[in-house]
file coords-v6.pdb (PDB, C-alpha atoms)
ATOM      1  CA  MET C  17     -17.190 -15.298 -18.083
ATOM      2  CA  LEU C  18     -18.897 -13.154 -15.465
ATOM      3  CA  ASN C  19     -22.661 -13.235 -15.261
ATOM      4  CA  ASP C  20     -24.545 -10.027 -14.528
ATOM      5  CA  LEU C  21     -24.879 -10.675 -10.803
ATOM      6  CA  GLN C  22     -21.209 -11.575 -10.413
ATOM      7  CA  LYS C  23     -20.182  -8.507 -12.341
ATOM      8  CA  ASP C  24     -22.452  -6.312 -10.264
ATOM      9  CA  LEU C  25     -21.074  -7.673  -6.990
ATOM     10  CA  LEU C  26     -17.465  -7.474  -8.150
ATOM     11  CA  THR C  27     -17.951  -3.883  -9.299
ATOM     12  CA  GLU C  28     -19.479  -3.047  -5.936
ATOM     13  CA  LEU C  29     -16.606  -4.655  -4.040
ATOM     14  CA  VAL C  30     -14.009  -2.919  -6.168
ATOM     15  CA  ASN C  31     -15.882   0.348  -5.844
ATOM     16  CA  VAL C  32     -15.685   0.126  -2.059
ATOM     17  CA  TYR C  33     -12.031  -0.984  -2.005
ATOM     18  CA  VAL C  34     -10.894   1.702  -4.445
ATOM     19  CA  GLY C  35     -12.949   4.240  -2.515
ATOM     20  CA  GLN C  36     -11.079   3.330   0.651
ATOM     21  CA  ALA C  37      -7.758   3.570  -1.168
ATOM     22  CA  ALA C  38      -8.749   6.955  -2.579
ATOM     23  CA  ASN C  39      -9.665   8.108   0.895
ATOM     24  CA  MET C  40      -6.193   7.143   2.057
ATOM     25  CA  LEU C  41      -4.618   9.064  -0.807
ATOM     26  CA  SER C  42      -6.794  12.030   0.059
ATOM     27  CA  GLU C  43      -5.458  11.887   3.626
ATOM     28  CA  ILE C  44      -1.864  11.732   2.367
ATOM     29  CA  VAL C  45      -2.093  14.698  -0.011
ATOM     30  CA  ASP C  46      -4.832  16.593   1.813
ATOM     31  CA  LYS C  47      -6.803  16.998  -1.380
ATOM     32  CA  ARG C  48     -10.141  15.725  -2.552
ATOM     33  CA  ILE C  49      -9.951  12.736  -4.879
ATOM     34  CA  VAL C  50     -12.407  12.570  -7.736
ATOM     35  CA  LEU C  51     -13.184   8.930  -8.431
ATOM     36  CA  ASN C  52     -14.599   7.404 -11.556
ATOM     37  CA  ILE C  53     -16.812   4.349 -11.287
ATOM     38  CA  PRO C  54     -14.520   1.374 -11.784
ATOM     39  CA  GLU C  55     -14.968  -0.711 -14.856
ATOM     40  CA  VAL C  56     -14.509  -4.350 -14.018
ATOM     41  CA  GLU C  57     -13.742  -6.772 -16.770
ATOM     42  CA  LEU C  58     -12.593 -10.332 -16.526
ATOM     43  CA  ILE C  59     -10.837 -10.922 -19.794
ATOM     44  CA  SER C  60      -8.573 -13.348 -21.498
ATOM     45  CA  ILE C  61      -5.332 -11.786 -22.598
ATOM     46  CA  SER C  62      -5.672 -13.490 -25.953
ATOM     47  CA  ASP C  63      -8.950 -11.609 -26.437
ATOM     48  CA  VAL C  64      -7.450  -8.222 -25.801
ATOM     49  CA  ASP C  65      -7.607  -6.034 -28.796
ATOM     50  CA  PRO C  66      -5.286  -3.119 -28.166
ATOM     51  CA  GLY C  67      -7.535  -0.957 -30.291
ATOM     52  CA  ASP C  68     -10.570  -1.695 -28.118
ATOM     53  CA  ARG C  69     -11.119   1.316 -25.905
ATOM     54  CA  ARG C  70     -12.480  -0.845 -23.077
ATOM     55  CA  TYR C  71      -9.123  -2.513 -22.748
ATOM     56  CA  ASN C  72      -7.039   0.460 -23.638
ATOM     57  CA  ILE C  73      -5.755   0.861 -20.160
ATOM     58  CA  PHE C  74      -2.879   3.025 -21.171
ATOM     59  CA  PHE C  75      -2.576   6.694 -21.210
ATOM     60  CA  SER C  76      -1.231   8.160 -24.386
ATOM     61  CA  GLU C  77       2.098   6.904 -25.590
ATOM     62  CA  GLY C  78       4.902   7.953 -23.310
ATOM     63  CA  HIS C  79       6.745   7.373 -20.070
ATOM     64  CA  LEU C  80       4.869   5.933 -17.117
ATOM     65  CA  PHE C  81       5.678   5.481 -13.485
ATOM     66  CA  ARG C  82       4.487   1.978 -12.655
ATOM     67  CA  SER C  83       4.330   0.443  -9.224
ATOM     68  CA  SER C  84       3.428  -3.179  -8.728
ATOM     69  CA  LEU C  85       2.566  -5.351  -5.766
ATOM     70  CA  GLN C  86       2.744  -9.099  -6.206
ATOM     71  CA  PHE C  87       0.733 -11.310  -3.901
ATOM     72  CA  GLY C  88       0.142 -15.032  -3.327
ATOM     73  CA  TYR C  89      -0.167 -17.918  -2.595
ATOM     74  CA  GLU C  90      -3.803 -18.983  -2.294
ATOM     75  CA  PHE C  91      -4.898 -15.821  -4.044
ATOM     76  CA  GLN C  92      -2.258 -14.996  -6.572
ATOM     77  CA  GLY C  93      -1.709 -12.078  -8.835
ATOM     78  CA  LYS C  94      -0.223  -8.677  -9.286
ATOM     79  CA  ALA C  95      -1.652  -5.212  -8.839
ATOM     80  CA  PHE C  96      -0.421  -2.167 -10.708
ATOM     81  CA  LEU C  97      -0.729   1.527 -10.161
ATOM     82  CA  MET C  98       0.359   3.821 -12.945
ATOM     83  CA  PHE C  99       0.805   7.499 -13.509
ATOM     84  CA  PRO C 100       2.332   9.404 -16.395
ATOM     85  CA  VAL C 101       5.797  10.433 -15.197
ATOM     86  CA  GLU C 102       5.120  14.169 -15.130
ATOM     87  CA  GLN C 103       1.992  13.604 -13.023
ATOM     88  CA  ALA C 104       3.872  11.246 -10.715
ATOM     89  CA  LYS C 105       6.305  14.108 -10.147
ATOM     90  CA  VAL C 106       3.446  16.404  -9.151
ATOM     91  CA  LEU C 107       2.128  13.793  -6.716
ATOM     92  CA  ALA C 108       5.567  13.322  -5.168
ATOM     93  CA  ASN C 109       5.968  17.090  -4.792
ATOM     94  CA  ILE C 110       2.604  17.354  -3.035
ATOM     95  CA  CYS C 111       3.580  14.584  -0.587
ATOM     96  CA  LEU C 112       7.000  16.077   0.102
ATOM     97  CA  GLY C 113       5.366  19.475   0.553
ATOM     98  CA  GLU C 114       3.136  17.976   3.236
ATOM     99  CA  LEU C 115       6.293  16.906   5.007
ATOM    100  CA  GLY C 116       7.649  20.438   4.812
ATOM    101  CA  GLU C 117      10.426  19.425   2.424
ATOM    102  CA  SER C 118      11.513  21.936  -0.174
ATOM    103  CA  VAL C 119      10.604  20.758  -3.658
ATOM    104  CA  ILE C 120      11.943  21.869  -7.004
ATOM    105  CA  THR C 121       8.838  22.034  -9.145
ATOM    106  CA  GLU C 122      10.705  23.008 -12.322
ATOM    107  CA  ASP C 123      12.691  19.780 -12.480
ATOM    108  CA  PRO C 124      10.563  17.215 -14.342
ATOM    109  CA  ASN C 125      12.834  14.292 -13.510
ATOM    110  CA  LEU C 126      11.972  11.878 -10.752
ATOM    111  CA  MET C 127      14.662  11.941  -8.081
ATOM    112  CA  ASP C 128      15.356   9.170  -5.547
ATOM    113  CA  THR C 129      13.298  10.998  -2.923
ATOM    114  CA  ASP C 130      10.376  11.199  -5.365
ATOM    115  CA  LEU C 131      10.597   7.482  -6.130
ATOM    116  CA  ASP C 132      10.708   6.645  -2.428
ATOM    117  CA  VAL C 133       7.557   8.683  -1.815
ATOM    118  CA  LEU C 134       5.759   7.239  -4.835
ATOM    119  CA  LYS C 135       6.688   3.716  -3.791
ATOM    120  CA  GLU C 136       5.262   4.311  -0.327
ATOM    121  CA  VAL C 137       2.084   5.924  -1.635
ATOM    122  CA  SER C 138       1.576   3.100  -4.134
ATOM    123  CA  ASN C 139       2.195   0.539  -1.420
ATOM    124  CA  VAL C 140      -0.515   2.056   0.764
ATOM    125  CA  LEU C 141      -3.019   2.277  -2.095
ATOM    126  CA  LEU C 142      -2.447  -1.190  -3.530
ATOM    127  CA  ASN C 143      -2.457  -2.777  -0.055
ATOM    128  CA  ALA C 144      -5.771  -1.073   0.653
ATOM    129  CA  ILE C 145      -7.339  -2.760  -2.354
ATOM    130  CA  ILE C 146      -5.629  -6.144  -2.382
ATOM    131  CA  GLY C 147      -5.779  -6.540   1.397
ATOM    132  CA  GLU C 148      -9.550  -6.203   1.239
ATOM    133  CA  PHE C 149      -9.701  -9.050  -1.265
ATOM    134  CA  GLY C 150      -7.827 -11.105   1.348
ATOM    135  CA  ASN C 151     -10.313 -10.069   4.018
ATOM    136  CA  PHE C 152     -13.222 -10.890   1.712
ATOM    137  CA  LEU C 153     -11.817 -14.347   0.948
ATOM    138  CA  GLU C 154     -10.823 -14.854   4.596
ATOM    139  CA  ILE C 155      -7.305 -15.892   3.670
ATOM    140  CA  LYS C 156      -3.946 -14.345   4.366
ATOM    141  CA  LEU C 157      -2.161 -12.925   1.363
ATOM    142  CA  GLU C 158       1.598 -12.926   1.337
ATOM    143  CA  TYR C 159       3.153  -9.935  -0.357
ATOM    144  CA  VAL C 160       6.373  -9.608  -2.282
ATOM    145  CA  LEU C 161       8.083  -6.254  -1.771
ATOM    146  CA  PRO C 162       6.518  -3.631  -4.034
ATOM    147  CA  ASP C 163       8.401  -2.852  -7.168
ATOM    148  CA  ILE C 164       8.618   0.419  -9.053
ATOM    149  CA  GLU C 165       9.821   1.182 -12.526
ATOM    150  CA  LEU C 166       9.709   3.772 -15.206
ATOM    151  CA  ILE C 167       8.525   2.344 -18.478
ATOM    152  CA  TYR C 168       7.861   3.564 -21.951
ATOM    153  CA  VAL C 169       4.638   2.353 -23.471
ATOM    154  CA  THR C 170       3.161   2.523 -26.884
ATOM    155  CA  ASN C 171      -0.535   2.384 -27.664
ATOM    156  CA  SER C 172      -0.243  -1.215 -28.798
ATOM    157  CA  ASP C 173       1.865  -2.341 -25.865
ATOM    158  CA  GLN C 174       0.466  -5.131 -23.694
ATOM    159  CA  GLN C 175       3.338  -5.377 -21.243
ATOM    160  CA  ILE C 176       1.267  -3.900 -18.425
ATOM    161  CA  LEU C 177      -0.747  -7.094 -18.251
ATOM    162  CA  LEU C 178       0.754 -10.227 -16.798
ATOM    163  CA  GLN C 179       2.126 -12.110 -19.740
ATOM    164  CA  ASN C 180       2.111 -15.503 -18.036
ATOM    165  CA  GLU C 181      -1.490 -15.335 -16.949
ATOM    166  CA  VAL C 182      -4.350 -16.415 -19.116
ATOM    167  CA  TYR C 183      -7.009 -14.239 -17.574
ATOM    168  CA  VAL C 184      -6.837 -10.907 -15.889
ATOM    169  CA  LEU C 185      -9.270  -9.020 -13.805
ATOM    170  CA  VAL C 186      -8.995  -5.536 -15.147
ATOM    171  CA  LEU C 187     -10.001  -2.699 -12.941
ATOM    172  CA  HIS C 188      -9.936   0.198 -15.233
ATOM    173  CA  THR C 189     -10.415   2.862 -12.709
ATOM    174  CA  SER C 190      -8.998   6.309 -12.703
ATOM    175  CA  PHE C 191      -8.900   8.991 -10.099
ATOM    176  CA  LEU C 192      -8.059  12.627 -10.183
ATOM    177  CA  LEU C 193      -6.501  14.777  -7.488
ATOM    178  CA  ALA C 194      -8.582  17.920  -7.188
ATOM    179  CA  ASP C 195      -6.857  21.094  -8.428
ATOM    180  CA  THR C 196      -4.272  19.042 -10.299
ATOM    181  CA  ASP C 197      -4.164  16.953 -13.452
ATOM    182  CA  VAL C 198      -2.822  13.921 -11.592
ATOM    183  CA  THR C 199      -4.683  10.873 -12.854
ATOM    184  CA  GLY C 200      -3.853   7.346 -11.810
ATOM    185  CA  ILE C 201      -4.904   3.975 -13.123
ATOM    186  CA  ILE C 202      -5.165   0.745 -11.174
ATOM    187  CA  VAL C 203      -5.013  -2.673 -12.789
ATOM    188  CA  ILE C 204      -5.207  -6.011 -11.044
ATOM    189  CA  ALA C 205      -4.176  -9.205 -12.760
ATOM    190  CA  LEU C 206      -5.156 -12.521 -11.213
ATOM    191  CA  SER C 207      -4.248 -16.111 -11.903
ATOM    192  CA  MET C 208      -7.023 -18.409 -13.119
ATOM    193  CA  ASN C 209      -7.141 -20.279  -9.794
ATOM    194  CA  SER C 210      -7.501 -17.023  -7.936
ATOM    195  CA  ILE C 211     -10.330 -15.900 -10.154
ATOM    196  CA  SER C 212     -12.086 -19.229  -9.478
ATOM    197  CA  SER C 213     -11.691 -18.735  -5.701
ATOM    198  CA  LEU C 214     -13.059 -15.231  -5.975
ATOM    199  CA  LEU C 215     -16.040 -16.341  -8.053
ATOM    200  CA  ALA C 216     -16.799 -19.227  -5.669
ATOM    201  CA  LYS C 217     -16.831 -16.846  -2.710
ATOM    202  CA  MET C 218     -18.985 -14.357  -4.597
ATOM    203  CA  ASP C 219     -21.428 -17.085  -5.631
ATOM    204  CA  ALA C 220     -21.715 -18.264  -2.024
ATOM    205  CA  LEU C 221     -22.463 -14.713  -0.975
ATOM    206  CA  LEU C 222     -25.035 -14.265  -3.724
ATOM    207  CA  GLU C 223     -26.678 -17.587  -2.853
ATOM    208  CA  ALA C 224     -26.866 -16.654   0.811
ATOM    209  CA  ASP C 225     -28.372 -13.343  -0.202
ATOM    210  CA  ASN C 226     -31.015 -15.044  -2.319
ATOM    211  CA  GLY C 227     -31.720 -17.757   0.241
TER     212      GLY C 227
ATOM    213  CA  MET E  25      13.236   8.077  26.303
ATOM    214  CA  LYS E  26      14.660   6.097  23.399
ATOM    215  CA  VAL E  27      12.621   5.351  20.280
ATOM    216  CA  LEU E  28      13.600   3.015  17.469
ATOM    217  CA  ILE E  29      11.966   3.524  14.060
ATOM    218  CA  VAL E  30      12.124   0.490  11.774
ATOM    219  CA  GLU E  31      10.933   1.511   8.331
ATOM    220  CA  ASP E  32      12.226   1.062   4.780
ATOM    221  CA  SER E  33      10.641   4.222   3.380
ATOM    222  CA  ILE E  34      12.772   7.324   3.884
ATOM    223  CA  PHE E  35       9.627   9.402   3.495
ATOM    224  CA  VAL E  36       7.923   7.658   6.426
ATOM    225  CA  GLN E  37      11.147   7.716   8.459
ATOM    226  CA  LYS E  38      11.224  11.506   8.109
ATOM    227  CA  LEU E  39       7.514  11.788   8.834
ATOM    228  CA  LEU E  40       7.821   9.785  12.058
ATOM    229  CA  THR E  41      10.991  11.531  13.162
ATOM    230  CA  LYS E  42       9.402  14.941  12.669
ATOM    231  CA  LEU E  43       6.270  13.857  14.506
ATOM    232  CA  ILE E  44       8.166  12.544  17.513
ATOM    233  CA  VAL E  45      10.664  15.412  17.716
ATOM    234  CA  ASP E  46       7.846  17.982  17.453
ATOM    235  CA  HIS E  47       5.937  16.425  20.346
ATOM    236  CA  ILE E  48       8.627  14.870  22.511
ATOM    237  CA  PRO E  49      11.818  16.798  21.779
ATOM    238  CA  GLU E  50      13.790  15.025  24.492
ATOM    239  CA  CYS E  51      13.387  11.704  22.678
ATOM    240  CA  GLU E  52      16.492   9.997  21.383
ATOM    241  CA  ILE E  53      15.703   8.419  18.010
ATOM    242  CA  GLN E  54      17.472   5.722  16.002
ATOM    243  CA  ILE E  55      16.396   4.539  12.562
ATOM    244  CA  ALA E  56      16.683   1.125  10.912
ATOM    245  CA  ASN E  57      15.878   0.403   7.269
ATOM    246  CA  ASN E  58      14.812  -3.212   7.728
ATOM    247  CA  GLY E  59      14.135  -5.892  10.328
ATOM    248  CA  GLU E  60      17.718  -7.095  10.561
ATOM    249  CA  GLN E  61      19.056  -3.599  11.236
ATOM    250  CA  GLY E  62      16.135  -3.089  13.572
ATOM    251  CA  TYR E  63      16.960  -6.190  15.597
ATOM    252  CA  ASN E  64      20.633  -5.243  15.840
ATOM    253  CA  LEU E  65      19.750  -1.708  16.934
ATOM    254  CA  PHE E  66      17.256  -3.094  19.427
ATOM    255  CA  LYS E  67      20.120  -4.974  21.121
ATOM    256  CA  GLU E  68      22.615  -2.080  20.974
ATOM    257  CA  PHE E  69      20.338   0.899  21.541
ATOM    258  CA  GLN E  70      17.897  -0.796  23.956
ATOM    259  CA  PRO E  71      14.928   1.394  23.071
ATOM    260  CA  ASP E  72      11.908   1.983  25.293
ATOM    261  CA  PHE E  73       9.614   2.116  22.295
ATOM    262  CA  ILE E  74       9.728   0.654  18.795
ATOM    263  CA  THR E  75       7.620   1.584  15.807
ATOM    264  CA  THR E  76       7.965  -0.824  12.915
ATOM    265  CA  ASP E  77       6.705  -1.442   9.424
ATOM    266  CA  LEU E  78       5.918  -5.055   8.465
ATOM    267  CA  LEU E  79       6.786  -5.517   4.806
ATOM    268  CA  MET E  80      10.470  -4.682   4.468
ATOM    269  CA  PRO E  81      13.390  -6.142   2.517
ATOM    270  CA  GLY E  82      15.261  -8.969   4.227
ATOM    271  CA  LEU E  83      13.973  -9.688   7.706
ATOM    272  CA  ASN E  84      10.412  -8.366   7.850
ATOM    273  CA  GLY E  85       8.793  -6.611  10.790
ATOM    274  CA  GLN E  86       6.838  -9.636  11.981
ATOM    275  CA  GLU E  87       9.982 -11.826  12.074
ATOM    276  CA  MET E  88      11.881  -9.072  13.879
ATOM    277  CA  LEU E  89       9.054  -8.750  16.398
ATOM    278  CA  ARG E  90       9.130 -12.497  17.042
ATOM    279  CA  MET E  91      12.900 -12.395  17.641
ATOM    280  CA  ILE E  92      12.624  -9.442  19.999
ATOM    281  CA  ARG E  93       9.867 -11.126  22.006
ATOM    282  CA  GLU E  94      12.090 -14.174  22.556
ATOM    283  CA  THR E  95      14.247 -12.079  24.868
ATOM    284  CA  ASP E  96      12.183  -9.032  25.740
ATOM    285  CA  SER E  97       8.501  -9.020  26.606
ATOM    286  CA  LYS E  98       8.438  -5.470  27.950
ATOM    287  CA  VAL E  99       9.567  -3.118  25.183
ATOM    288  CA  LYS E 100       6.557  -1.315  23.740
ATOM    289  CA  ILE E 101       6.077  -1.989  20.050
ATOM    290  CA  ILE E 102       3.635  -0.379  17.666
ATOM    291  CA  ILE E 103       3.056  -1.512  14.092
ATOM    292  CA  LEU E 104       2.647   1.048  11.324
ATOM    293  CA  SER E 105       1.814  -0.871   8.175
ATOM    294  CA  ALA E 106      -0.074  -0.630   4.914
ATOM    295  CA  ASP E 107      -1.226  -4.228   5.388
ATOM    296  CA  ILE E 108      -4.921  -4.013   6.221
ATOM    297  CA  GLN E 109      -5.558  -7.749   6.473
ATOM    298  CA  LYS E 110      -7.278  -8.937   9.633
ATOM    299  CA  THR E 111      -5.208 -12.136   9.623
ATOM    300  CA  THR E 112      -1.982 -10.129   9.702
ATOM    301  CA  ARG E 113      -3.189  -8.031  12.599
ATOM    302  CA  ASP E 114      -4.318 -11.132  14.515
ATOM    303  CA  GLU E 115      -0.923 -12.776  14.029
ATOM    304  CA  VAL E 116       1.165  -9.839  15.237
ATOM    305  CA  GLU E 117      -1.194  -9.109  18.119
ATOM    306  CA  LEU E 118      -0.389 -12.584  19.449
ATOM    307  CA  LEU E 119       3.240 -11.478  19.666
ATOM    308  CA  GLY E 120       2.398  -8.666  22.064
ATOM    309  CA  ILE E 121       2.097  -5.205  20.604
ATOM    310  CA  SER E 122       0.860  -1.925  22.023
ATOM    311  CA  GLY E 123      -0.971  -0.926  18.876
ATOM    312  CA  PHE E 124      -1.477  -1.515  15.183
ATOM    313  CA  LEU E 125      -1.914   1.506  12.940
ATOM    314  CA  ASN E 126      -2.596   1.327   9.246
ATOM    315  CA  LYS E 127      -0.817   3.696   6.913
ATOM    316  CA  PRO E 128      -1.172   6.449   5.967
ATOM    317  CA  LEU E 129      -0.256   8.213   9.164
ATOM    318  CA  THR E 130      -3.134  10.663   9.506
ATOM    319  CA  ALA E 131      -3.327  13.391  12.138
ATOM    320  CA  GLU E 132      -5.592  11.163  14.221
ATOM    321  CA  LYS E 133      -3.227   8.186  14.037
ATOM    322  CA  ALA E 134      -0.248  10.447  14.711
ATOM    323  CA  THR E 135      -1.974  11.598  17.898
ATOM    324  CA  THR E 136      -2.549   7.968  18.898
ATOM    325  CA  MET E 137       1.098   7.158  18.294
ATOM    326  CA  ILE E 138       2.318  10.112  20.356
ATOM    327  CA  GLN E 139      -0.049   9.164  23.176
ATOM    328  CA  LEU E 140       1.330   5.620  23.155
ATOM    329  CA  ILE E 141       4.936   6.881  23.229
ATOM    330  CA  GLN E 142       4.106   9.316  26.035
ATOM    331  CA  ALA E 143       2.369   6.566  27.993
ATOM    332  CA  ALA E 144       5.476   4.411  27.645
ATOM    333  CA  TYR E 145       7.610   7.422  28.673
ATOM    334  CA  HIS E 146       5.625   8.039  31.849
ATOM    335  CA  ALA E 147       5.590   4.333  32.693
ATOM    336  CA  GLU E 148       9.402   4.354  32.881
TER     337      GLU E 148
END
call {"tool": "encode", "arguments": {"input": "coords-v6.pdb", "output": "structure tokens"}}
result
Amino acid sequence: MLNDLQKDLLTELVNVYVGQAANMLSEIVDKRIVLNIPEVELISISDVDPGDRRYNIFFSEGHLFRSSLQFGYEFQGKAFLMFPVEQAKVLANICLGELGESVITEDPNLMDTDLDVLKEVSNVLLNAIIGEFGNFLEIKLEYVLPDIELIYVTNSDQQILLQNEVYVLVLHTSFLLADTDVTGIIVIALSMNSISSLLAKMDALLEADNG
Amino acid sequence: MKVLIVEDSIFVQKLLTKLIVDHIPECEIQIANNGEQGYNLFKEFQPDFITTDLLMPGLNGQEMLRMIRETDSKVKIIILSADIQKTTRDEVELLGISGFLNKPLTAEKATTMIQLIQAAYHAE
């Protein structure tokens, strides 16, 4: 569905947006963030083969902390940020440590204070990426309050993707907090109309560039 | 000097409180968890300075700001939000704000916020 030029431009945009988000996370935790080059795929959910590594956006089977930010109306979709629960705990402890709060590192369970921190951090990161799509499209995105949940996923589970959407823009990007094993994954799911708007804007940009 | 913090994240509430108390210990601080609480506290507490988030449950920061500006054009208000959209910033700037800072609150932005509070303090 994406031609080479579109894919190249979209990867570049996402690279910049995720880079900015990573920079924000780096400022929050005062640690260097190691970024992987984002893999951008526009796929149909019906085409997703859970066994295909390209679409295997899950960590290994287990509990995940998942934060989501829903946005609309002209550009509609949902963005997700996920961490394995034990790594989410480490991230929360680092943030609370920055605040000078005492943290109990032995307790693996996520407490209310941890969830509050993780919600805020996720909100900042997802806004940094999605907000830039709004700026790129020159439209105002309306946000629904971010949601957080703890979920259990299996390797064949597709619940992370939007079940009501036909296509999703998958940003399979991961980042690592230096000196830790905290790895996060970002996924953005868009409605078909939103993907069309994005492609139209990208095509206009590419045409202008060629003209 | 009275400062009202309107913010739904407890983490950010603590961060802001610590920042203000560390730099301006004589400040009296009140905290609201959403725009509705913020508006009610604005009327009761009559702050000199308000720092508010935008996306909050119930009445959001932009709606609260609009309501405050219907009766008060002087109170200094600064936005601290994760929303990086230019359109959002343009809209709230029309309502009369002293500054718009994007989260996260870095050392540089914290300095800016303290300078704005101190400027409001000395303008009293």
call {"tool": "interface_residues", "arguments": {"input": "coords-v6.pdb", "of": "chain E", "to": "chain C", "cutoff": "10 Å", "atoms": "all atoms listed in the file", "output": "list of chain:residue names"}}
result
E:Asp32, E:Ser33, E:Ile34, E:Phe35, E:Val36, E:Lys38, E:Leu39, E:Lys42, E:Leu43, E:Leu79, E:Met80, E:Pro81, E:Gly82, E:Ser105, E:Ala106, E:Asp107, E:Ile108, E:Gln109, E:Lys110, E:Thr111, E:Thr112, E:Asn126, E:Lys127, E:Pro128, E:Leu129, E:Thr130, E:Ala131
call {"tool": "write_last_selection", "arguments": {"input": "coords-v6.pdb", "atoms": "C-alpha atoms", "output": "PDB file, in the coordinates of the input"}}
result
ATOM      1  CA  ASP E  32      12.226   1.062   4.780  1.00  0.00           C
ATOM      2  CA  SER E  33      10.641   4.222   3.380  1.00  0.00           C
ATOM      3  CA  ILE E  34      12.772   7.324   3.884  1.00  0.00           C
ATOM      4  CA  PHE E  35       9.627   9.402   3.495  1.00  0.00           C
ATOM      5  CA  VAL E  36       7.923   7.658   6.426  1.00  0.00           C
ATOM      6  CA  LYS E  38      11.224  11.506   8.109  1.00  0.00           C
ATOM      7  CA  LEU E  39       7.514  11.788   8.834  1.00  0.00           C
ATOM      8  CA  LYS E  42       9.402  14.941  12.669  1.00  0.00           C
ATOM      9  CA  LEU E  43       6.270  13.857  14.506  1.00  0.00           C
ATOM     10  CA  LEU E  79       6.786  -5.517   4.806  1.00  0.00           C
ATOM     11  CA  MET E  80      10.470  -4.682   4.468  1.00  0.00           C
ATOM     12  CA  PRO E  81      13.390  -6.142   2.517  1.00  0.00           C
ATOM     13  CA  GLY E  82      15.261  -8.969   4.227  1.00  0.00           C
ATOM     14  CA  SER E 105       1.814  -0.871   8.175  1.00  0.00           C
ATOM     15  CA  ALA E 106      -0.074  -0.630   4.914  1.00  0.00           C
ATOM     16  CA  ASP E 107      -1.226  -4.228   5.388  1.00  0.00           C
ATOM     17  CA  ILE E 108      -4.921  -4.013   6.221  1.00  0.00           C
ATOM     18  CA  GLN E 109      -5.558  -7.749   6.473  1.00  0.00           C
ATOM     19  CA  LYS E 110      -7.278  -8.937   9.633  1.00  0.00           C
ATOM     20  CA  THR E 111      -5.208 -12.136   9.623  1.00  0.00           C
ATOM     21  CA  THR E 112      -1.982 -10.129   9.702  1.00  0.00           C
ATOM     22  CA  ASN E 126      -2.596   1.327   9.246  1.00  0.00           C
ATOM     23  CA  LYS E 127      -0.817   3.696   6.913  1.00  0.00           C
ATOM     24  CA  PRO E 128      -1.172   6.449   5.967  1.00  0.00           C
ATOM     25  CA  LEU E 129      -0.256   8.213   9.164  1.00  0.00           C
ATOM     26  CA  THR E 130      -3.134  10.663   9.506  1.00  0.00           C
ATOM     27  CA  ALA E 131      -3.327  13.391  12.138  1.00  0.00           C
TER      28      ALA E 131
END
call {"tool": "resolve_selection", "arguments": {"input": "coords-v6.pdb", "expression": "the PyMOL selection byres ((chain E and resi 55) around 6)", "output": "list of chain:residue names"}}
result
E:Leu28, E:Ile29, E:Val30, E:Gln54, E:Ala56
call {"tool": "resolve_selection", "arguments": {"input": "coords-v6.pdb", "expression": "the PyMOL selection byres ((chain C and resi 99-108) around 9)", "output": "JSON, numbers by chain"}}
result
{"C": [45, 75, 76, 78, 79, 80, 81, 82, 83, 97, 98, 109, 110, 111, 112, 113, 121, 123, 124, 125, 126, 127, 129, 130, 131, 132, 133, 134, 137, 166, 193, 196, 197, 198, 199, 200, 201]}
call {"tool": "write_last_selection", "arguments": {"input": "coords-v6.pdb", "atoms": "C-alpha atoms", "output": "CSV table (one decimal), keeping the file's coordinate frame"}}
result
chain,number,residue,atom,x,y,z
C,45,VAL,CA,-2.1,14.7,0.0
C,75,PHE,CA,-2.6,6.7,-21.2
C,76,SER,CA,-1.2,8.2,-24.4
C,78,GLY,CA,4.9,8.0,-23.3
C,79,HIS,CA,6.7,7.4,-20.1
C,80,LEU,CA,4.9,5.9,-17.1
C,81,PHE,CA,5.7,5.5,-13.5
C,82,ARG,CA,4.5,2.0,-12.7
C,83,SER,CA,4.3,0.4,-9.2
C,97,LEU,CA,-0.7,1.5,-10.2
C,98,MET,CA,0.4,3.8,-12.9
C,109,ASN,CA,6.0,17.1,-4.8
C,110,ILE,CA,2.6,17.4,-3.0
C,111,CYS,CA,3.6,14.6,-0.6
C,112,LEU,CA,7.0,16.1,0.1
C,113,GLY,CA,5.4,19.5,0.6
C,121,THR,CA,8.8,22.0,-9.1
C,123,ASP,CA,12.7,19.8,-12.5
C,124,PRO,CA,10.6,17.2,-14.3
C,125,ASN,CA,12.8,14.3,-13.5
C,126,LEU,CA,12.0,11.9,-10.8
C,127,MET,CA,14.7,11.9,-8.1
C,129,THR,CA,13.3,11.0,-2.9
C,130,ASP,CA,10.4,11.2,-5.4
C,131,LEU,CA,10.6,7.5,-6.1
C,132,ASP,CA,10.7,6.6,-2.4
C,133,VAL,CA,7.6,8.7,-1.8
C,134,LEU,CA,5.8,7.2,-4.8
C,137,VAL,CA,2.1,5.9,-1.6
C,166,LEU,CA,9.7,3.8,-15.2
C,193,LEU,CA,-6.5,14.8,-7.5
C,196,THR,CA,-4.3,19.0,-10.3
C,197,ASP,CA,-4.2,17.0,-13.5
C,198,VAL,CA,-2.8,13.9,-11.6
C,199,THR,CA,-4.7,10.9,-12.9
C,200,GLY,CA,-3.9,7.3,-11.8
C,201,ILE,CA,-4.9,4.0,-13.1
call {"tool": "atom_distance", "arguments": {"input": "coords-v6.pdb", "atom1": "CA of Gln22 (chain C)", "atom2": "CA of Thr189 (chain C)"}}
result
18.2 Å
call {"tool": "residues_around", "arguments": {"input": "coords-v6.pdb", "residues": "Ile138 (chain E)", "least_positions_apart": "6", "cutoff": "12 Å", "atoms": "only C-alpha atoms", "output": "PyMOL selection string"}}
result
chain E and resi 27+40-49+51+73+75+102+123+129+131-132+144-145
call {"tool": "atom_distance", "arguments": {"input": "coords-v6.pdb", "atom1": "CA of Ser190 (chain C)", "atom2": "CA of Met218 (chain C)"}}
result
24.3 Å
